[in-house]
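J.: Structure provided below as structure tokens; questions to follow.
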Amino acid sequence: MTVAIGQPIPPCSIPATSGLTFSPASAKGKKLVLYFYPKDMTPGCTAESGEFRDNIEAFTKANTLIVGVSRDSLKSHDNFRSKLQLPFELVADTEEILCQLFGVIKMKNMYGKQVRGIERSTFLFDSSGKLAQEWRGLKVPGHVTDVLQAAQATK
């Protein structure tokens, strides 16, 4: 089962940076952006995370929390977050719980071989916790601006 437009995230608890645990209830009363990215410290993921960081004030003004998700470990996330000075948490979805709920695991070509990996995707939830908009298989340039505009227009 994947989360669809108009549906909430089913209850779950997944380790996140800063010693926190991510659960859908942690965004209660706020809008939530969950962005799934393939791997810490890679060029596209660094650029995307940096753009979310650079726009954090505008997202905060729009009453929107940002949370990054990948299958990397908490240690990897802590290093990535520290290096980029990310002002939001990263979820270590090592057991692919969120990845499965959102259907973001895809077969990808890497150096001519088929590998399972995360398809870069972003999901915007409204302040009542329901999925308002999704972007799948996206390209990084201009994406964060699109998400910010959608967050500003969402209740």
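Just remember, in the structure tokens the first chain shown is A, the second B, etc., residues are 1-based per chain, and ligands are 1-based in the order shown.
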So which residues touch Phe102 in chain A within 7 Å, counting only C-alpha atoms, skipping near sequence neighbours fewer than 2 positions away, as number ranges by chain?

T.: A: 2-3, 98-100, 104

J.: Just the residues within 10 Å of Pro11 in chain A, please, counting only C-alpha atoms, with nothing from its chain fewer than 3 positions along; format it as a PDB file with N, CA, C and O atoms, in the first residue's frame.

T.:
```pdb
ATOM      1  N   PRO A   8      -3.304  10.293   4.991  1.00  0.00           N
ATOM      2  CA  PRO A   8      -2.216  10.571   5.935  1.00  0.00           C
ATOM      3  C   PRO A   8      -1.152   9.471   5.858  1.00  0.00           C
ATOM      4  O   PRO A   8      -1.381   8.416   5.269  1.00  0.00           O
ATOM      5  N   SER A  23       7.885  10.494  13.555  1.00  0.00           N
ATOM      6  CA  SER A  23       6.568   9.885  13.428  1.00  0.00           C
ATOM      7  C   SER A  23       5.682  10.953  12.805  1.00  0.00           C
ATOM      8  O   SER A  23       5.941  12.146  12.960  1.00  0.00           O
ATOM      9  N   PRO A  24       4.640  10.546  12.072  1.00  0.00           N
ATOM     10  CA  PRO A  24       3.763  11.540  11.440  1.00  0.00           C
ATOM     11  C   PRO A  24       3.198  12.546  12.435  1.00  0.00           C
ATOM     12  O   PRO A  24       3.004  13.715  12.104  1.00  0.00           O
ATOM     13  N   ALA A  25       2.987  12.126  13.677  1.00  0.00           N
ATOM     14  CA  ALA A  25       2.423  13.022  14.691  1.00  0.00           C
ATOM     15  C   ALA A  25       3.371  14.173  15.034  1.00  0.00           C
ATOM     16  O   ALA A  25       2.943  15.198  15.551  1.00  0.00           O
TER      17      ALA A  25
END
```

J.: I need the residues in chain A that are strand (DSSP E or B) according to DSSP; give them as a VMD selection string.

T.: chain A and resid 8 14 to 16 21 to 22 31 to 36 64 to 70 89 to 92 105 to 110 113 to 118 121 to 125 130 to 136

J.: Env of Glu95 in chain A: 8 Å cut, atoms = only C-alpha atoms, seq-sep filter 2 positions within chain, self excluded. Answer as number ranges by chain.

T.: A: 71, 93, 97

J.: Those same residues - N, CA, C and O atoms - I'd like them written as a PDB file, in the first residue's frame.

T.:
```pdb
ATOM      1  N   ARG A  71      18.115   5.768   2.939  1.00  0.00           N
ATOM      2  CA  ARG A  71      18.383   4.496   3.606  1.00  0.00           C
ATOM      3  C   ARG A  71      19.727   4.502   4.335  1.00  0.00           C
ATOM      4  O   ARG A  71      20.112   3.512   4.914  1.00  0.00           O
ATOM      5  N   ASP A  93      16.020   5.624   7.215  1.00  0.00           N
ATOM      6  CA  ASP A  93      15.028   4.593   6.883  1.00  0.00           C
ATOM      7  C   ASP A  93      15.735   3.313   6.435  1.00  0.00           C
ATOM      8  O   ASP A  93      15.519   2.823   5.328  1.00  0.00           O
ATOM      9  N   ILE A  97      10.919   1.385   5.728  1.00  0.00           N
ATOM     10  CA  ILE A  97       9.506   1.494   6.117  1.00  0.00           C
ATOM     11  C   ILE A  97       8.835   2.625   5.341  1.00  0.00           C
ATOM     12  O   ILE A  97       7.811   2.410   4.674  1.00  0.00           O
TER      13      ILE A  97
END
```

J.: One number please: CA of Lys155 in chain A to CA of Phe52 in chain A, in Å, one decimal.

T.: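 Straight-line distance from CA of Lys155 in chain A to CA of Phe52 in chain A works out to 19.9 Å.
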
J.: Find the residues around Ser128 in chain A up to 8 Å (only C-alpha atoms counted), leave out those fewer than 6 positions away in its own chain, and share them as a list in words.

T.: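 Neighbouring residues, sequence-local ones excluded: Lys28, Gly29, Lys30 and Lys31 of chain A.
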
J.: Give me, please, the distance in Å between CA of Ala16 in chain A and CA of Tyr37 in chain A, quoted to one decimal.

T.: 14.8 Å

J.: Find the residues near Leu124 in chain A: any atom within 10 Å, counting only C-alpha atoms, skip ones fewer than 5 places away on the same chain, and give them as a PyMOL selection string.

T.: chain A and resi 5+31-35+64-66+129-135+147-148+150-151+154

J.: Please provide the set of residues having any atom within 9 Å of Phe80 in chain A, restricted to only C-alpha atoms, with same-chain residues fewer than 6 positions apart removed, written as a list of chain:residue names.

T.: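 Residues meeting the cut-off are A:Asp40, A:Met41, A:Thr46, A:Leu86.
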
J.: Do you have the CA of Glu119 in chain A-CA of Phe22 in chain A distance handy?

T.: 20.7 Å

J.: Find the residue from A:Leu74, A:Val91, A:Ala62, A:Cys45 that sits nearest to Pro141 in chain A; use only C-alpha atoms when measuring.

T.: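 Smallest distance to Pro141 in chain A is found for A:Cys45.
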
J.: Could you check the closest approach to Gly137 in chain A for each of A:Tyr111, A:Phe123, A:Phe59, A:Phe88 and tell me which residue wins, using only C-alpha atoms?

T.: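 Of A:Tyr111, A:Phe123, A:Phe59, A:Phe88, the one nearest Gly137 in chain A, counting only C-alpha atoms, is A:Phe123.
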
J.: From a DSSP pass on the backbone, collect the residues of range 31-94 of chain A flagged as helix (DSSP H, G or I) and hand them back as a compact mmCIF listing (two decimals) with N, CA and C atoms, in the first residue's frame.

T.:
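Output file out-v6.txt is given in full below:
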```
# COMPACT_ATOMS: atom_id res chain seq x y z
N PRO A 43 26.51 14.25 -5.31
CA PRO A 43 26.30 15.60 -5.84
C PRO A 43 24.84 16.07 -5.89
N GLY A 44 23.94 15.25 -6.44
CA GLY A 44 22.53 15.65 -6.55
C GLY A 44 21.87 15.80 -5.19
N CYS A 45 22.19 14.90 -4.28
CA CYS A 45 21.58 14.94 -2.94
C CYS A 45 22.13 16.11 -2.14
N THR A 46 23.40 16.42 -2.33
CA THR A 46 24.01 17.57 -1.67
C THR A 46 23.36 18.86 -2.18
N ALA A 47 23.18 18.96 -3.50
CA ALA A 47 22.55 20.15 -4.08
C ALA A 47 21.11 20.31 -3.59
N GLU A 48 20.35 19.22 -3.61
CA GLU A 48 18.94 19.29 -3.19
C GLU A 48 18.83 19.67 -1.71
N SER A 49 19.60 19.02 -0.86
CA SER A 49 19.56 19.32 0.57
C SER A 49 19.99 20.75 0.84
N GLY A 50 20.99 21.22 0.11
CA GLY A 50 21.45 22.60 0.25
C GLY A 50 20.39 23.61 -0.14
N GLU A 51 19.61 23.29 -1.16
CA GLU A 51 18.53 24.21 -1.57
C GLU A 51 17.42 24.25 -0.52
N PHE A 52 17.09 23.11 0.07
CA PHE A 52 16.11 23.13 1.16
C PHE A 52 16.66 23.97 2.32
N ARG A 53 17.94 23.76 2.65
CA ARG A 53 18.58 24.54 3.72
C ARG A 53 18.51 26.04 3.42
N ASP A 54 18.85 26.42 2.20
CA ASP A 54 18.90 27.84 1.83
C ASP A 54 17.53 28.50 1.83
N ILE A 56 15.07 27.58 4.13
CA ILE A 56 14.41 27.17 5.37
C ILE A 56 13.56 28.29 5.97
N GLU A 57 14.01 29.53 5.88
CA GLU A 57 13.22 30.64 6.45
C GLU A 57 11.87 30.77 5.76
N ALA A 58 11.85 30.65 4.45
CA ALA A 58 10.59 30.74 3.71
C ALA A 58 9.67 29.57 4.04
N PHE A 59 10.24 28.37 4.19
CA PHE A 59 9.42 27.22 4.57
C PHE A 59 8.87 27.40 5.99
N THR A 60 9.69 27.91 6.90
CA THR A 60 9.25 28.15 8.27
C THR A 60 8.12 29.17 8.29
N LYS A 61 8.25 30.23 7.50
CA LYS A 61 7.19 31.25 7.40
C LYS A 61 5.89 30.63 6.89
N LEU A 74 22.27 6.47 10.61
CA LEU A 74 22.26 7.71 11.40
C LEU A 74 23.64 8.35 11.41
N LYS A 75 24.70 7.55 11.49
CA LYS A 75 26.06 8.10 11.49
C LYS A 75 26.32 8.86 10.18
N SER A 76 25.96 8.27 9.07
CA SER A 76 26.12 8.92 7.77
C SER A 76 25.31 10.21 7.72
N HIS A 77 24.07 10.14 8.20
CA HIS A 77 23.20 11.33 8.23
C HIS A 77 23.78 12.43 9.11
N ASP A 78 24.30 12.05 10.27
CA ASP A 78 24.89 13.04 11.16
C ASP A 78 26.05 13.77 10.48
N ASN A 79 26.91 13.01 9.78
CA ASN A 79 28.03 13.61 9.07
C ASN A 79 27.55 14.53 7.94
N PHE A 80 26.57 14.07 7.18
CA PHE A 80 26.01 14.83 6.06
C PHE A 80 25.36 16.12 6.57
N ARG A 81 24.58 15.97 7.61
CA ARG A 81 23.88 17.12 8.19
C ARG A 81 24.87 18.15 8.73
N SER A 82 25.90 17.68 9.39
CA SER A 82 26.92 18.56 9.96
C SER A 82 27.70 19.27 8.85
N LYS A 83 28.12 18.51 7.84
CA LYS A 83 28.91 19.08 6.74
C LYS A 83 28.14 20.18 6.01
N LEU A 84 26.85 19.95 5.78
CA LEU A 84 26.03 20.93 5.04
C LEU A 84 25.33 21.93 5.95
```
